[in-house]
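Colleague: Sending over a structure as structure tokens; questions will come in a sec.
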Amino acid sequence: MSEYVPSSYTNILNRMLSRKAPPGQGGHLEGDTEDVTQAITRIDTAMYGFLAREISETLGMEDADFLLREAVKDFGRYRGNDMRREVERRGLPLDVQRLMAYWDLPSLEESWEMQHKDKSPHYEGYDLPGCPFHDYLRYLCPQQLSVLMCEEVHVAVAKEFNPEIDVWYPSLLTRGQSRCLFRFSMTLDAADRAGRQAERLRAEAAAEGRTLEGEKKPGMTDPETTFRMMARLFCLFYHSIVNELLRGLGQDQTEDIVRRAMRKWGAWRGGDMAQDHKERGWKPDVETFVTYYDDLSAGDAWLAENVTLAANEHSKDVVQSAYADYFDRFGTGRFAAMLWEEALPAQAKAYNPDMEVSIPSLLERGDDFTRIRYSMTA
């Protein structure tokens with residue numbers, strides 16, 4: 001197996017440049033499946049890191065641990081429930097084999113270099129020599145809050161999928177250990193029960209004249225599907241944290257925390273891009289910023305119209321967005337808008353202090369489309 005390559009902005013961009021990735025929607029480079037998986041994982045992980053840090057600095061570590069632990073559990077339960085329903089719709093057993101086969105991350109083995117130790121209907125063990133979540137959590141987030149995310153989310157997914165599945169982590173990178181070791185298991189009796197339940201579901205469907213899909217065909221997802229899958233996780237993770245903040249703190253304090261964290265998240269992304277482009281000798285203008293942006297284009301996962309792109313100006317109307325679709329589905333409301341309202345201007349300013357952003361309309365505000373304008377003041 002090849003050596004693990006961290007999912008940094010520079011490494012992702014190097015990979016895209018090496019294969020001469022073409023421009024896509026709005027001028028952004030077009031990502032393939034692995035590019036999109038790693039790019040959105042990077043910004044998703046950093047989003048959690050900055051929110052977790054802001055929450056801990058505001059509430060203290062003990063309260064932050066409790067609040068984020070509940071948010072991560074909700075995040076996992078929602079996912080496990082969706083996965084369980086898909087497997088049941090296909091008339092398949094709710095066993096370990098299907099839990100892993102229908103996990104809602106795309107191309108996990110290809111993008112994250114999983115090493116399988118053992119696979120069966122009732123057990124799966126695998127090692128991760130490197131993890132794109134850990135690449136950034138280790139320095140963007142207090143360790144205690146990084147570890148809780150790893151420890152809680154997989155258990156929550158598995159238990160919601162089937163309460164008889166257990167999860168064990170002999171080793172986690174976020175604990176400071178050398179690699180992640182995951183073990184998912186259930187007893188043979190529990191696996192048999194899952195198999196018999198699937199047989200009953202298939203018999204019921206046959207009696208009612210319904211056709212079940214059965215097993216999905218294995219294989220890589222296409223870039224557009226990958227983008228939508230990753231955008232779903234990004235939006236659900238953000239929503240779960242915001243929702244837990246609202247339960248505990250109310251709207252005003254939640255808004256203060258979220259806006260501060262999103263400004264810092266955006267500034268970090270802009271600074272990362274600025275440093276990389278400076279080292280490449282690229283001019284830090286609007287065109288460079290947009291072309292090599294850290295959230296990629298991928299097919300029709302989002303659609304832009306009326307696009308202009310020049311050295312000192314960029315504008316586009318986003319008429320369809322996977323992010324907006326999922327925020328609407330989850331009911332994130334006006335807190336979804338804050339993510340863009342705070343992060344995009346902060347990112348542009350950190351990239352080049354002479355760059356400005358305006359967002360006169362935004363899908364997440366309930367507008368018919370999102371209009372974004374970048375310009376240089378000097």
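Naming scheme: A, B, ... for chains in displayed order of the structure tokens; residues 1 onward per chain; ligands 1 onward as shown.
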Please provide as a list in words all residues within 7 Å of stretch 49-57 of chain A, with the sequence filter that same-chain residues fewer than 4 positions apart are discarded (counting only C-alpha atoms).

Modeller: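 My list of contacting residues is Thr45, Met61, Ala64, Leu137, Leu140, Cys141, Pro142, Leu145, Ile257, Val258, Ala261, Lys264 and Trp265 of chain A.
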
Colleague: What parts of stretch 205-357 of chain A does DSSP call strand (DSSP E or B)? I'd like the answer as a list in words.

Modeller: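 Secondary structure check on stretch 205-357 of chain A, strand (DSSP E or B): Ser297, Trp302, Leu303, Ala304, Glu305, Asn306, Val307, Thr308, Leu309, Ala310, Glu313, His314, Ser315, Lys316, Asp317, Val318, Val319, Gln320, Ser321, Met355, Glu356 and Val357 of chain A.
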
Colleague: Using N, CA and C atoms, can you export the residues from the last selection as a PDB file, in the first residue's frame?

Modeller:
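File produced: part.pdb:
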```
ATOM      1  N   SER A 297     -15.735  22.205  -7.814  1.00  0.00           N
ATOM      2  CA  SER A 297     -16.881  21.937  -8.666  1.00  0.00           C
ATOM      3  C   SER A 297     -16.957  20.439  -8.911  1.00  0.00           C
ATOM      4  N   TRP A 302     -23.911  21.682  -7.997  1.00  0.00           N
ATOM      5  CA  TRP A 302     -24.434  23.042  -7.894  1.00  0.00           C
ATOM      6  C   TRP A 302     -24.366  23.662  -9.273  1.00  0.00           C
ATOM      7  N   LEU A 303     -25.292  24.541  -9.589  1.00  0.00           N
ATOM      8  CA  LEU A 303     -25.397  25.133 -10.921  1.00  0.00           C
ATOM      9  C   LEU A 303     -25.289  26.645 -10.835  1.00  0.00           C
ATOM     10  N   ALA A 304     -24.436  27.215 -11.678  1.00  0.00           N
ATOM     11  CA  ALA A 304     -24.219  28.657 -11.690  1.00  0.00           C
ATOM     12  C   ALA A 304     -24.580  29.231 -13.053  1.00  0.00           C
ATOM     13  N   GLU A 305     -25.139  30.425 -13.033  1.00  0.00           N
ATOM     14  CA  GLU A 305     -25.479  31.158 -14.251  1.00  0.00           C
ATOM     15  C   GLU A 305     -24.888  32.562 -14.170  1.00  0.00           C
ATOM     16  N   ASN A 306     -24.853  33.235 -15.307  1.00  0.00           N
ATOM     17  CA  ASN A 306     -24.382  34.637 -15.381  1.00  0.00           C
ATOM     18  C   ASN A 306     -22.997  34.781 -14.744  1.00  0.00           C
ATOM     19  N   VAL A 307     -22.088  33.886 -15.113  1.00  0.00           N
ATOM     20  CA  VAL A 307     -20.761  33.859 -14.498  1.00  0.00           C
ATOM     21  C   VAL A 307     -19.820  34.827 -15.206  1.00  0.00           C
ATOM     22  N   THR A 308     -19.135  35.662 -14.448  1.00  0.00           N
ATOM     23  CA  THR A 308     -18.032  36.471 -14.962  1.00  0.00           C
ATOM     24  C   THR A 308     -16.807  36.169 -14.097  1.00  0.00           C
ATOM     25  N   LEU A 309     -15.658  36.079 -14.743  1.00  0.00           N
ATOM     26  CA  LEU A 309     -14.431  35.783 -14.017  1.00  0.00           C
ATOM     27  C   LEU A 309     -13.271  36.501 -14.685  1.00  0.00           C
ATOM     28  N   ALA A 310     -12.704  37.460 -13.970  1.00  0.00           N
ATOM     29  CA  ALA A 310     -11.552  38.218 -14.447  1.00  0.00           C
ATOM     30  C   ALA A 310     -10.618  38.448 -13.271  1.00  0.00           C
ATOM     31  N   GLU A 313     -12.469  40.753 -10.760  1.00  0.00           N
ATOM     32  CA  GLU A 313     -13.921  40.656 -10.546  1.00  0.00           C
ATOM     33  C   GLU A 313     -14.416  39.245 -10.824  1.00  0.00           C
ATOM     34  N   HIS A 314     -15.343  38.816  -9.993  1.00  0.00           N
ATOM     35  CA  HIS A 314     -16.030  37.541 -10.214  1.00  0.00           C
ATOM     36  C   HIS A 314     -17.447  37.674  -9.683  1.00  0.00           C
ATOM     37  N   SER A 315     -18.394  37.195 -10.451  1.00  0.00           N
ATOM     38  CA  SER A 315     -19.773  37.150  -9.973  1.00  0.00           C
ATOM     39  C   SER A 315     -20.457  35.936 -10.581  1.00  0.00           C
ATOM     40  N   LYS A 316     -21.429  35.433  -9.856  1.00  0.00           N
ATOM     41  CA  LYS A 316     -22.210  34.306 -10.363  1.00  0.00           C
ATOM     42  C   LYS A 316     -23.531  34.241  -9.627  1.00  0.00           C
ATOM     43  N   ASP A 317     -24.498  33.643 -10.273  1.00  0.00           N
ATOM     44  CA  ASP A 317     -25.786  33.351  -9.662  1.00  0.00           C
ATOM     45  C   ASP A 317     -25.889  31.835  -9.514  1.00  0.00           C
ATOM     46  N   VAL A 318     -25.912  31.376  -8.287  1.00  0.00           N
ATOM     47  CA  VAL A 318     -26.047  29.940  -8.023  1.00  0.00           C
ATOM     48  C   VAL A 318     -27.535  29.633  -7.924  1.00  0.00           C
ATOM     49  N   VAL A 319     -28.038  28.898  -8.891  1.00  0.00           N
ATOM     50  CA  VAL A 319     -29.480  28.631  -8.950  1.00  0.00           C
ATOM     51  C   VAL A 319     -29.837  27.275  -8.347  1.00  0.00           C
ATOM     52  N   GLN A 320     -28.828  26.458  -8.114  1.00  0.00           N
ATOM     53  CA  GLN A 320     -29.061  25.156  -7.474  1.00  0.00           C
ATOM     54  C   GLN A 320     -27.838  24.815  -6.656  1.00  0.00           C
ATOM     55  N   SER A 321     -28.051  24.338  -5.430  1.00  0.00           N
ATOM     56  CA  SER A 321     -26.924  24.051  -4.546  1.00  0.00           C
ATOM     57  C   SER A 321     -27.247  22.863  -3.662  1.00  0.00           C
ATOM     58  N   MET A 355      -9.504  42.328  -1.261  1.00  0.00           N
ATOM     59  CA  MET A 355     -10.633  41.633  -1.866  1.00  0.00           C
ATOM     60  C   MET A 355     -11.877  41.786  -0.995  1.00  0.00           C
ATOM     61  N   GLU A 356     -12.996  42.032  -1.630  1.00  0.00           N
ATOM     62  CA  GLU A 356     -14.272  42.177  -0.929  1.00  0.00           C
ATOM     63  C   GLU A 356     -15.314  41.245  -1.523  1.00  0.00           C
ATOM     64  N   VAL A 357     -16.288  40.868  -0.695  1.00  0.00           N
ATOM     65  CA  VAL A 357     -17.364  39.974  -1.104  1.00  0.00           C
ATOM     66  C   VAL A 357     -18.697  40.577  -0.711  1.00  0.00           C
TER      67      VAL A 357
END
```

Colleague: Pick the closest to A:Asp32 from A:Leu92, A:Ala156, A:Ala298, A:Leu13: which is it, counting only C-alpha atoms?

Modeller: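 Nearest to A:Asp32: A:Ala298.
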
Colleague: Apply DSSP to the structure's backbone, then extract all residues of stretch 332-364 of chain A labelled alpha helix (DSSP H) and return them as a ChimeraX atom specification.

Modeller: /A:334-351

Colleague: What's around A:Glu151 at 12 Å? Count only C-alpha atoms, leave out sequence neighbours fewer than 3 positions away in its own chain, and write the answer as a PyMOL selection string.

Modeller: chain A and resi 68-69+72-73+76+144-148+154-158+167-175+180-182

Colleague: Would you compute the distance between atom CA of A:Met273 and atom CA of A:Tyr351? Give it in Å to one decimal.

Modeller: 6.6 Å

Colleague: Could you check which of A:Thr254, A:Gln38, A:Thr221, A:Asn162 is closest to A:Leu296, using only C-alpha atoms?

Modeller: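 The closest residue to A:Leu296 is A:Gln38.
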
Colleague: Can you pull out every residue within 10 Å of A:Asp135, counting only C-alpha atoms, but drop anything in the same chain fewer than 2 positions away, and send it as a list in words?

Modeller: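 So, after excluding close chain neighbours, the residues are Val5, Pro6, Ser7, Ser8, Arg42, Thr45, Ala46, Gly130, Cys131, Pro132, Phe133, Leu137, Arg138, Tyr139, Leu140, Leu173 and Thr174 of chain A.
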
Colleague: Please report the interatomic distance between atom CA of A:Ala198 and atom CA of A:Gly91 in Å with one decimal.

Modeller: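 Computing the Euclidean distance for atom CA of A:Ala198 and atom CA of A:Gly91 yields 5.3 Å.
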
Colleague: Pick out the closest residue to A:Phe289 from this set: A:Pro93, A:Gly31, A:Pro353, A:Gly270. Count only C-alpha atoms.

Modeller: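 Ranking A:Pro93, A:Gly31, A:Pro353, A:Gly270 by distance to A:Phe289, first place goes to A:Gly270.
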